[in-house]
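> Enclosed is the structure file work.txt (compact mmCIF, C-alpha atoms).
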```
# COMPACT_ATOMS: atom_id res chain seq x y z
CA MET I 1 190.06 141.17 88.13
CA ALA I 2 190.07 142.57 84.61
CA LEU I 3 193.84 142.89 84.90
CA VAL I 4 193.97 141.78 81.33
CA THR I 5 191.45 144.23 79.99
CA THR I 6 191.80 147.45 81.96
CA SER I 7 195.38 148.44 81.24
CA THR I 8 195.65 150.15 77.89
CA ALA I 9 199.09 151.70 78.36
CA LYS I 10 201.67 150.09 76.13
CA PRO I 11 204.56 148.52 78.03
CA GLY I 12 206.91 150.62 75.94
CA ALA I 13 205.36 153.83 77.23
CA ARG I 14 207.49 155.82 79.61
CA SER I 15 206.60 154.80 83.11
CA ARG I 16 208.10 154.08 86.49
CA LEU I 17 207.19 150.41 86.73
CA SER I 18 209.28 147.98 88.73
CA PRO I 19 210.77 145.07 86.74
CA GLU I 20 208.05 142.79 88.21
CA GLU I 21 205.31 145.19 87.18
CA ARG I 22 206.75 145.56 83.71
CA ARG I 23 207.03 141.80 83.32
CA ALA I 24 203.40 141.37 84.42
CA GLN I 25 202.31 144.07 82.00
CA LEU I 26 204.04 142.27 79.13
CA LEU I 27 202.34 139.01 80.09
CA GLN I 28 198.93 140.71 80.25
CA LEU I 29 199.52 142.01 76.77
CA GLY I 30 200.59 138.53 75.65
CA VAL I 31 197.38 136.98 76.97
CA ARG I 32 195.35 139.77 75.36
CA MET I 33 197.02 139.02 72.02
CA LEU I 34 196.12 135.33 72.43
CA ALA I 35 192.46 136.31 72.37
CA THR I 36 192.74 136.64 68.61
CA ARG I 37 195.67 134.44 67.61
CA SER I 38 197.22 131.11 68.50
CA LEU I 39 200.40 130.59 70.49
CA ASP I 40 202.25 129.59 67.32
CA GLU I 41 201.38 132.92 65.77
CA LEU I 42 202.71 134.84 68.79
CA SER I 43 206.36 135.18 67.85
CA ILE I 44 208.80 137.39 69.74
CA ASP I 45 208.99 139.60 66.63
CA VAL I 46 205.24 140.09 66.36
CA PHE I 47 204.93 140.68 70.06
CA ALA I 48 207.81 143.17 70.21
CA GLU I 49 206.35 145.19 67.37
CA GLU I 50 202.81 145.30 68.74
CA ALA I 51 203.97 145.97 72.28
CA GLY I 52 206.36 148.69 71.14
CA VAL I 53 209.29 147.17 73.00
CA SER I 54 212.64 145.84 71.82
CA ARG I 55 213.25 142.16 71.22
CA GLY I 56 216.19 142.50 73.60
CA LEU I 57 213.89 143.53 76.43
CA LEU I 58 211.71 140.47 75.83
CA TYR I 59 214.69 138.14 75.85
CA HIS I 60 215.85 139.89 79.01
CA TYR I 61 212.56 139.18 80.77
CA PHE I 62 211.67 135.78 79.32
CA GLY I 63 214.84 134.07 78.08
CA ASN I 64 213.55 132.59 74.83
CA LYS I 65 210.35 132.10 72.82
CA GLN I 66 209.52 128.83 74.56
CA ASP I 67 209.90 130.39 78.03
CA PHE I 68 207.87 133.39 76.91
CA HIS I 69 205.06 131.13 75.70
CA GLU I 70 205.11 129.18 78.94
CA ALA I 71 204.96 132.38 80.98
CA VAL I 72 202.03 133.67 78.89
CA VAL I 73 200.10 130.40 79.20
CA ARG I 74 200.75 130.25 82.93
CA TYR I 75 199.53 133.82 83.25
CA ALA I 76 196.39 132.89 81.24
CA ALA I 77 195.79 129.89 83.51
CA ASP I 78 196.15 132.01 86.65
CA ASP I 79 193.86 134.60 85.11
CA LEU I 80 191.24 131.95 84.30
CA ILE I 81 191.41 130.66 87.88
CA ALA I 82 191.07 134.18 89.30
CA GLN I 83 188.24 135.22 87.01
CA THR I 84 186.18 132.11 87.71
CA ALA I 85 186.54 132.26 91.49
CA PRO I 86 183.11 131.70 93.01
CA PRO I 87 181.68 134.32 95.40
CA VAL I 88 182.64 133.77 99.01
CA ASP I 89 179.10 133.72 100.37
CA GLY I 90 175.77 132.41 99.30
CA ASP I 91 174.03 129.20 98.38
CA PRO I 92 176.56 126.58 97.12
CA LEU I 93 174.60 125.84 93.94
CA GLU I 94 174.29 129.55 93.23
CA ARG I 95 178.04 129.98 93.71
CA LEU I 96 178.70 127.07 91.32
CA SER I 97 176.44 128.73 88.79
CA VAL I 98 178.28 132.07 89.08
CA SER I 99 181.61 130.30 88.63
CA VAL I 100 180.41 128.40 85.55
CA THR I 101 179.05 131.60 84.00
CA ALA I 102 182.40 133.30 84.60
CA TYR I 103 184.11 130.34 82.94
CA LEU I 104 182.00 130.62 79.79
CA THR I 105 182.53 134.40 79.71
CA TYR I 106 186.26 133.90 80.04
CA VAL I 107 186.37 131.48 77.10
CA GLU I 108 184.18 133.80 75.00
CA ASN I 109 186.52 136.73 75.69
CA ASN I 110 189.78 134.80 75.39
CA TYR I 111 188.99 132.05 72.92
CA GLU I 112 192.41 131.62 71.30
CA GLY I 113 194.22 131.96 74.59
CA TYR I 114 192.03 129.30 76.12
CA LEU I 115 192.55 127.00 73.14
CA SER I 116 196.30 127.49 73.56
CA LEU I 117 195.98 126.32 77.14
CA VAL I 118 193.97 123.24 76.11
CA LYS I 119 196.21 122.39 73.18
CA GLY I 120 199.30 122.90 75.30
CA ALA I 121 198.04 120.10 77.50
CA MET I 122 198.18 117.64 74.65
CA SER I 123 201.39 118.86 73.06
CA GLY I 124 204.65 117.09 73.65
CA ASN I 125 205.65 119.93 75.99
CA GLU I 126 205.60 118.64 79.56
CA THR I 127 205.61 122.12 81.10
CA MET I 128 202.55 123.17 79.11
CA ARG I 129 200.80 119.98 80.11
CA ALA I 130 201.66 120.58 83.75
CA ILE I 131 200.30 124.14 83.61
CA TYR I 132 197.05 122.90 82.14
CA GLU I 133 196.63 119.99 84.55
CA GLU I 134 197.42 122.24 87.51
CA ALA I 135 194.83 124.76 86.34
CA ARG I 136 192.16 122.13 85.81
CA ALA I 137 192.93 120.49 89.15
CA THR I 138 192.61 123.88 90.85
CA LEU I 139 189.29 124.56 89.12
CA THR I 140 187.76 121.23 90.08
CA ASP I 141 189.29 120.70 93.50
CA ARG I 142 187.99 124.15 94.42
CA ILE I 143 184.52 122.61 94.48
CA PHE I 144 185.53 120.52 97.47
CA ARG I 145 187.31 123.33 99.26
CA GLU I 146 184.43 125.77 98.73
CA ASP I 147 181.98 123.06 99.69
CA ALA I 148 183.78 121.80 102.79
CA GLN I 149 180.45 121.19 104.55
CA GLY I 150 179.45 118.85 101.73
CA GLU I 151 176.42 120.90 100.79
CA ILE I 152 176.74 119.94 97.13
CA VAL I 153 178.80 116.76 97.31
CA ASP I 154 180.77 114.72 99.80
CA ASP I 155 184.52 114.63 99.39
CA THR I 156 185.08 111.04 98.23
CA PRO I 157 187.50 109.55 95.65
CA LEU I 158 184.51 108.82 93.38
CA ASN I 159 183.21 112.40 93.59
CA ARG I 160 186.71 113.78 92.99
CA LEU I 161 186.94 111.62 89.87
CA LEU I 162 183.46 112.75 88.88
CA ALA I 163 184.45 116.41 89.27
CA ARG I 164 187.38 115.87 86.87
CA GLY I 165 185.05 114.18 84.40
CA TRP I 166 182.50 116.97 84.77
CA ALA I 167 185.20 119.60 84.12
CA ALA I 168 186.21 117.79 80.90
CA MET I 169 182.55 117.74 79.92
CA CYS I 170 182.18 121.49 80.53
CA GLU I 171 185.30 122.19 78.50
CA GLN I 172 183.97 120.08 75.62
CA LEU I 173 180.49 121.63 75.83
CA VAL I 174 181.90 125.15 75.69
CA LEU I 175 184.33 124.41 72.85
CA GLU I 176 181.62 122.65 70.79
CA TRP I 177 179.12 125.40 71.53
CA MET I 178 181.59 128.12 70.48
CA LYS I 179 181.91 126.42 67.09
CA GLU I 180 178.14 126.53 66.53
CA PRO I 181 176.51 128.85 69.07
CA GLY I 182 173.13 129.03 67.33
CA ALA I 183 171.84 125.51 67.96
CA VAL I 184 171.66 125.76 71.76
CA SER I 185 171.08 129.01 73.65
CA ARG I 186 173.69 130.45 75.99
CA THR I 187 171.21 130.12 78.85
CA GLU I 188 170.66 126.44 78.10
CA LEU I 189 174.39 125.84 77.95
CA LEU I 190 174.93 127.55 81.31
CA SER I 191 172.10 125.55 82.80
CA VAL I 192 173.63 122.29 81.56
CA MET I 193 176.95 123.07 83.21
CA ALA I 194 175.56 124.31 86.52
CA VAL I 195 172.94 121.60 86.95
CA SER I 196 174.93 118.63 85.69
CA PHE I 197 177.44 118.21 88.49
CA PRO I 198 174.95 117.87 91.36
CA ALA I 199 172.73 115.76 89.07
CA LEU I 200 175.58 113.37 88.35
CA VAL I 201 176.42 113.01 92.00
CA ALA I 202 172.78 112.47 92.92
CA ALA I 203 172.34 109.82 90.20
CA LEU I 204 175.16 107.77 91.68
CA ASP I 205 174.07 107.88 95.29
CA MET H 1 186.23 92.11 65.88
CA ALA H 2 189.28 90.71 67.56
CA LEU H 3 191.10 91.22 64.29
CA VAL H 4 193.82 92.82 66.29
CA THR H 5 194.30 90.05 68.80
CA THR H 6 193.63 86.75 67.01
CA SER H 7 196.14 86.80 64.20
CA THR H 8 199.57 85.73 65.37
CA ALA H 9 201.13 85.10 61.95
CA LYS H 10 203.81 87.63 61.13
CA PRO H 11 203.15 89.61 57.98
CA GLY H 12 206.53 88.53 56.72
CA ALA H 13 205.55 84.88 56.88
CA ARG H 14 205.02 83.17 53.56
CA SER H 15 201.36 83.42 52.68
CA ARG H 16 199.01 84.04 49.80
CA LEU H 17 197.48 87.28 51.02
CA SER H 18 196.15 89.83 48.61
CA PRO H 19 197.78 93.29 48.81
CA GLU H 20 194.71 94.55 50.72
CA GLU H 21 194.91 91.69 53.20
CA ARG H 22 198.61 92.19 53.67
CA ARG H 23 198.12 95.93 54.23
CA ALA H 24 195.41 95.23 56.81
CA GLN H 25 197.65 92.71 58.54
CA LEU H 26 200.43 95.30 58.81
CA LEU H 27 198.00 97.82 60.29
CA GLN H 28 196.73 95.28 62.82
CA LEU H 29 200.27 94.71 63.89
CA GLY H 30 200.85 98.48 64.10
CA VAL H 31 197.85 98.93 66.38
CA ARG H 32 198.98 95.98 68.49
CA MET H 33 202.39 97.60 68.88
CA LEU H 34 200.70 100.82 70.00
CA ALA H 35 199.31 98.97 73.00
CA THR H 36 202.72 99.28 74.62
CA ARG H 37 204.37 102.27 72.98
CA SER H 38 203.49 105.71 71.69
CA LEU H 39 203.13 106.74 68.07
CA ASP H 40 206.41 108.64 68.27
CA GLU H 41 208.18 105.44 69.28
CA LEU H 42 206.73 103.51 66.34
CA SER H 43 209.29 104.27 63.66
CA ILE H 44 209.37 102.53 60.30
CA ASP H 45 212.65 100.90 61.36
CA VAL H 46 211.27 99.51 64.61
CA PHE H 47 208.13 98.34 62.91
CA ALA H 48 209.96 96.68 60.00
CA GLU H 49 212.21 94.77 62.37
CA GLU H 50 209.44 93.56 64.66
CA ALA H 51 207.14 92.72 61.77
CA GLY H 52 209.90 90.90 59.92
CA VAL H 53 209.31 92.85 56.72
CA SER H 54 211.50 95.15 54.69
CA ARG H 55 211.37 98.91 55.04
CA GLY H 56 210.81 99.00 51.28
CA LEU H 57 207.60 97.00 51.64
CA LEU H 58 206.33 99.46 54.25
CA TYR H 59 207.09 102.46 52.08
CA HIS H 60 205.39 100.63 49.21
CA TYR H 61 202.20 100.20 51.24
CA PHE H 62 202.17 103.43 53.23
CA GLY H 63 204.24 106.06 51.43
CA ASN H 64 206.02 107.60 54.42
CA LYS H 65 206.13 107.53 58.20
CA GLN H 66 203.44 110.19 58.53
CA ASP H 67 201.07 108.29 56.22
CA PHE H 68 201.85 105.07 58.04
CA HIS H 69 201.00 106.67 61.41
CA GLU H 70 197.78 108.08 60.02
CA ALA H 71 196.79 104.70 58.62
CA VAL H 72 197.53 103.01 61.97
CA VAL H 73 195.55 105.59 63.95
CA ARG H 74 192.65 105.36 61.52
CA TYR H 75 192.72 101.59 61.86
CA ALA H 76 192.75 101.96 65.67
CA ALA H 77 189.78 104.34 65.51
CA ASP H 78 187.80 101.93 63.30
CA ASP H 79 188.71 99.11 65.64
CA LEU H 80 187.52 101.10 68.66
CA ILE H 81 184.24 101.84 66.90
CA ALA H 82 183.77 98.17 65.96
CA GLN H 83 184.67 96.80 69.37
CA THR H 84 182.34 99.16 71.23
CA ALA H 85 179.32 98.54 68.98
CA PRO H 86 176.30 97.99 71.20
CA PRO H 87 174.28 94.77 70.81
CA VAL H 88 171.50 95.01 68.24
CA ASP H 89 168.69 93.96 70.59
CA GLY H 90 167.73 94.52 74.17
CA ASP H 91 166.90 97.31 76.57
CA PRO H 92 168.48 100.62 75.44
CA LEU H 93 170.08 101.29 78.81
CA GLU H 94 171.48 97.77 78.90
CA ARG H 95 172.91 98.25 75.42
CA LEU H 96 174.51 101.53 76.48
CA SER H 97 176.03 99.74 79.45
CA VAL H 98 177.49 96.98 77.24
CA SER H 99 178.96 99.58 74.91
CA VAL H 100 180.55 101.54 77.76
CA THR H 101 182.05 98.36 79.23
CA ALA H 102 183.52 97.50 75.83
CA TYR H 103 184.98 101.01 75.67
CA LEU H 104 186.74 100.66 79.01
CA THR H 105 188.01 97.19 78.04
CA TYR H 106 189.33 98.59 74.78
CA VAL H 107 191.26 101.34 76.55
CA GLU H 108 192.61 98.89 79.12
CA ASN H 109 193.87 96.58 76.36
CA ASN H 110 195.15 99.30 74.02
CA TYR H 111 196.19 102.10 76.34
CA GLU H 112 199.05 103.60 74.34
CA GLY H 113 197.17 103.25 71.07
CA TYR H 114 194.18 105.01 72.55
CA LEU H 115 196.37 107.78 73.96
CA SER H 116 197.88 108.21 70.50
CA LEU H 117 194.39 108.73 69.12
CA VAL H 118 193.55 111.31 71.81
CA LYS H 119 196.87 113.12 71.53
CA GLY H 120 196.61 113.09 67.74
CA ALA H 121 193.44 115.15 68.11
CA MET H 122 195.34 117.95 69.80
CA SER H 123 198.48 117.82 67.72
CA GLY H 124 199.04 120.27 64.92
CA ASN H 125 198.22 117.49 62.45
CA GLU H 126 194.84 118.20 60.88
CA THR H 127 194.41 114.65 59.55
CA MET H 128 194.94 113.14 63.01
CA ARG H 129 192.48 115.61 64.47
CA ALA H 130 189.93 114.73 61.79
CA ILE H 131 190.33 110.99 62.47
CA TYR H 132 189.75 111.54 66.18
CA GLU H 133 186.79 113.86 65.75
CA GLU H 134 185.21 111.49 63.24
CA ALA H 135 185.63 108.59 65.65
CA ARG H 136 184.18 110.49 68.58
CA ALA H 137 181.28 111.76 66.48
CA THR H 138 180.53 108.19 65.39
CA LEU H 139 180.66 106.94 68.97
CA THR H 140 178.29 109.59 70.30
CA ASP H 141 175.96 109.99 67.34
CA ARG H 142 175.45 106.24 67.46
CA ILE H 143 173.41 106.80 70.60
CA PHE H 144 170.79 108.62 68.56
CA ARG H 145 170.81 106.11 65.71
CA GLU H 146 170.54 103.15 68.08
CA ASP H 147 167.91 104.98 70.07
CA ALA H 148 165.80 106.15 67.13
CA GLN H 149 162.61 105.63 69.15
CA GLY H 150 163.94 108.04 71.77
CA GLU H 151 163.83 105.46 74.54
CA ILE H 152 166.86 106.99 76.27
CA VAL H 153 166.88 110.54 74.89
CA ASP H 154 165.15 112.61 72.26
CA ASP H 155 167.21 113.71 69.30
CA THR H 156 167.54 117.46 69.93
CA PRO H 157 170.48 119.86 69.42
CA LEU H 158 170.83 120.15 73.20
CA ASN H 159 170.96 116.36 73.66
CA ARG H 160 173.44 116.02 70.80
CA LEU H 161 175.66 118.59 72.52
CA LEU H 162 175.18 116.79 75.81
CA ALA H 163 176.23 113.49 74.22
CA ARG H 164 179.48 115.09 73.05
CA GLY H 165 180.09 116.47 76.52
CA TRP H 166 179.29 113.11 78.08
CA ALA H 167 181.75 111.38 75.73
CA ALA H 168 184.49 113.83 76.77
CA MET H 169 183.63 113.10 80.39
CA CYS H 170 183.88 109.34 79.84
CA GLU H 171 187.23 109.76 78.13
CA GLN H 172 188.53 111.85 81.02
CA LEU H 173 187.13 109.46 83.63
CA VAL H 174 188.80 106.48 81.99
CA LEU H 175 192.15 108.21 81.49
CA GLU H 176 192.19 109.51 85.09
CA TRP H 177 191.10 106.13 86.41
CA MET H 178 193.83 104.31 84.46
CA LYS H 179 196.43 106.52 86.17
CA GLU H 180 195.17 105.53 89.62
CA PRO H 181 192.85 102.53 89.37
CA GLY H 182 192.79 101.78 93.10
CA ALA H 183 190.78 104.72 94.40
CA VAL H 184 187.54 103.87 92.60
CA SER H 185 186.49 100.34 91.63
CA ARG H 186 186.07 99.29 88.01
CA THR H 187 182.42 98.54 88.70
CA GLU H 188 181.85 102.03 90.11
CA LEU H 189 183.56 103.58 87.10
CA LEU H 190 181.39 101.59 84.70
CA SER H 191 178.32 102.56 86.64
CA VAL H 192 179.24 106.26 86.45
CA MET H 193 179.59 106.09 82.68
CA ALA H 194 176.45 104.07 82.01
CA VAL H 195 174.17 105.94 84.41
CA SER H 196 175.42 109.47 83.81
CA PHE H 197 174.10 110.09 80.31
CA PRO H 198 170.42 109.38 81.02
CA ALA H 199 170.80 111.16 84.37
CA LEU H 200 172.13 114.28 82.66
CA VAL H 201 169.31 114.29 80.14
CA ALA H 202 166.72 113.75 82.88
CA ALA H 203 168.15 116.57 85.01
CA LEU H 204 167.69 119.02 82.16
CA ASP H 205 164.14 118.11 81.27
```
Write out the structure in this file as structure tokens.


Amino acid sequence: MALVTTSTAKPGARSRLSPEERRAQLLQLGVRMLATRSLDELSIDVFAEEAGVSRGLLYHYFGNKQDFHEAVVRYAADDLIAQTAPPVDGDPLERLSVSVTAYLTYVENNYEGYLSLVKGAMSGNETMRAIYEEARATLTDRIFREDAQGEIVDDTPLNRLLARGWAAMCEQLVLEWMKEPGAVSRTELLSVMAVSFPALVAALD
Amino acid sequence: MALVTTSTAKPGARSRLSPEERRAQLLQLGVRMLATRSLDELSIDVFAEEAGVSRGLLYHYFGNKQDFHEAVVRYAADDLIAQTAPPVDGDPLERLSVSVTAYLTYVENNYEGYLSLVKGAMSGNETMRAIYEEARATLTDRIFREDAQGEIVDDTPLNRLLARGWAAMCEQLVLEWMKEPGAVSRTELLSVMAVSFPALVAALD
């Protein structure tokens, strides 16, 4: 992927982008800015100045600040989903491990943006909450789609519930670990996340 | 215990309560009201009318709406901690199971109040977040205090982190289950929560 990190051209630079491409480029830049600041700090003014585009262009593409924020958070969610996609082939547990490692890397590289996604879920804003819940559902339900042969777990209501609980645990583990990364090694943290889901399922059999 | 549910006297009723007792009685009533409505819906006006007290009395005790909400949420958090206290004696796993059952019962009986606590954590309000984080830290760190002999888990940074992750998982499991209680039985849910923590620790040994 690396959509978010490879493009260094400013959207204001002269180019022959289609409106869709230009819009996507602005969103990429928005997500990149969220790596180091919260959603509240990402005003249209700040964004316009850093992106080197007019406020009018932003309003043209995104309507208002609220719509712009929603578009950025949705882009971040899609980006998270894309960047944590497990490899197509290989041992199911190994694929889960790769996916979990990509998840931690994503949060490390996009901490504020990720926090915005999580906080959006709990805010009064129903759209933000829907974006978050959709993203989390995609991330966890993917386990059952990727594992259609039931190599890791059978697709049962209990295991689906367990996957949601496990995802909340991983989110909490990563957020707590980011606050104090010294106490537990990165390797240990990754091991906890990768091993815990099959262990939970096995313990309940 | 059961402070919230036993008292049926209205705070406005003639009584010889001390100011502290009267304040506590108002908070109990506030928490009880949160069982069926959100914090946002609990205005001073609504509360004063239902409690049969004057708005002036409420402002006298709590300052303003924000302070009143904080006091109610803090009271709810303390109540949650008290009601989920594990028994003093017995097998550690059995005590964990009793505590987890009390937690589910608490959420079932105080759903909106509990949601207010969880949502408060993610709101922009730092005090609400602190109340929530304090409560969750007390709930999880209790495992290590109650289990000082390490009968369930050793007290290590990794296991402390794991306990926080497990608590987030339990919260998610209960909130998801409350939305759709039919798919997984209450007994299964309780089993997941009680069994999962030792299973997680064992899987990482």

> Enumerate, in order of chain and increasing residue number, the residues of chain I with an atom no farther than 9 Å from chain H, each with its shortest atom pair and distance in Å to one decimal, counting all atoms listed in the file, as a Markdown table.


```
| residue | atom | partner | partner_atom | distance |
| --- | --- | --- | --- | --- |
| I:Val118 | CA | H:Met122 | CA | 8.3 |
| I:Lys119 | CA | H:Met122 | CA | 5.6 |
| I:Gly120 | CA | H:Met122 | CA | 8.4 |
| I:Ala121 | CA | H:Met122 | CA | 8.4 |
| I:Met122 | CA | H:Met122 | CA | 5.6 |
| I:Ser123 | CA | H:Ser123 | CA | 6.2 |
| I:Gly124 | CA | H:Ser123 | CA | 8.6 |
| I:Pro157 | CA | H:Ala183 | CA | 6.0 |
| I:Leu158 | CA | H:Val184 | CA | 5.9 |
| I:Leu161 | CA | H:Leu173 | CA | 6.6 |
| I:Leu162 | CA | H:Leu173 | CA | 7.2 |
| I:Arg164 | CA | H:Leu173 | CA | 7.2 |
| I:Gly165 | CA | H:Met169 | CA | 4.4 |
| I:Trp166 | CA | H:Met169 | CA | 6.0 |
| I:Ala167 | CA | H:Met169 | CA | 7.7 |
| I:Ala168 | CA | H:Met169 | CA | 5.4 |
| I:Met169 | CA | H:Gly165 | CA | 4.4 |
| I:Cys170 | CA | H:Gly165 | CA | 6.8 |
| I:Glu171 | CA | H:Gly165 | CA | 8.0 |
| I:Gln172 | CA | H:Gly165 | CA | 5.4 |
| I:Leu173 | CA | H:Gly165 | CA | 5.2 |
| I:Val174 | CA | H:Gly165 | CA | 8.9 |
| I:Glu176 | CA | H:Leu161 | CA | 7.4 |
| I:Trp177 | CA | H:Leu161 | CA | 7.7 |
| I:Ala183 | CA | H:Pro157 | CA | 6.0 |
| I:Val184 | CA | H:Leu158 | CA | 5.9 |
| I:Ser185 | CA | H:Leu158 | CA | 8.9 |
| I:Glu188 | CA | H:Leu158 | CA | 8.0 |
| I:Leu189 | CA | H:Leu158 | CA | 8.2 |
| I:Ser191 | CA | H:Leu204 | CA | 7.9 |
| I:Val192 | CA | H:Leu204 | CA | 6.8 |
| I:Val195 | CA | H:Ala203 | CA | 7.2 |
| I:Ser196 | CA | H:Leu200 | CA | 6.0 |
| I:Phe197 | CA | H:Leu200 | CA | 8.8 |
| I:Ala199 | CA | H:Ala203 | CA | 6.2 |
| I:Leu200 | CA | H:Ser196 | CA | 6.0 |
| I:Val201 | CA | H:Ser196 | CA | 9.0 |
| I:Ala202 | CA | H:Ala199 | CA | 8.9 |
| I:Ala203 | CA | H:Ala199 | CA | 6.2 |
| I:Leu204 | CA | H:Val192 | CA | 6.8 |
```

> Expressed in Å to a single decimal, how great is the separation between CA of Leu115 (chain H) and CA of His69 (chain H)?

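Computed distance, CA of Leu115 (chain H) to CA of His69 (chain H), equals 13.4 Å.
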
> When distances are computed from only C-alpha atoms, which of H:Gly113, H:Gly63, H:Pro86, H:Gly52 shows the smallest separation from Thr101 (chain H)?

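Closest residue, counting only C-alpha atoms: H:Pro86.
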
> Need the shell around Gly56 (chain H): protein/DNA/RNA residues with any atom at most 12 Å away, counting only C-alpha atoms. Skip same-chain ones fewer than 5 positions apart. Format as JSON, numbers by chain?

{"H": [44, 45, 47, 48, 49, 61, 62, 63, 64, 65]}

> Separation of CA of Gly30 (chain I) and CA of Val72 (chain I), in Å?

6.0 Å

> Would you mind telling me which residue in I:Thr127, I:Thr105, I:Ser43, I:Ser54 lies nearest to Val73 (chain I) when using only C-alpha atoms?

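For Val73 (chain I), the nearest of the candidates is I:Thr127.
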
> In terms of the shortest atom-to-atom distance over all atoms listed in the file, which of I:Glu146, I:Glu134, I:Asp79, I:Asp40 is closest to Ser116 (chain I)?

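Of I:Glu146, I:Glu134, I:Asp79, I:Asp40, the one nearest Ser116 (chain I) is I:Asp40, counting all atoms listed in the file.
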
> Record the distance separating CA of Glu21 (chain I) and CA of Glu41 (chain I), expressed in Å with one decimal.

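Separation between CA of Glu21 (chain I) and CA of Glu41 (chain I): 25.0 Å.
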
> Determine, counting only C-alpha atoms, every residue of protein, DNA or RNA that lies within 7 Å of (189.0, 129.0, 90.7) in the file coordinates, then give the result as JSON, numbers by chain.

{"I": [81, 82, 84, 85, 86, 138, 139, 142]}
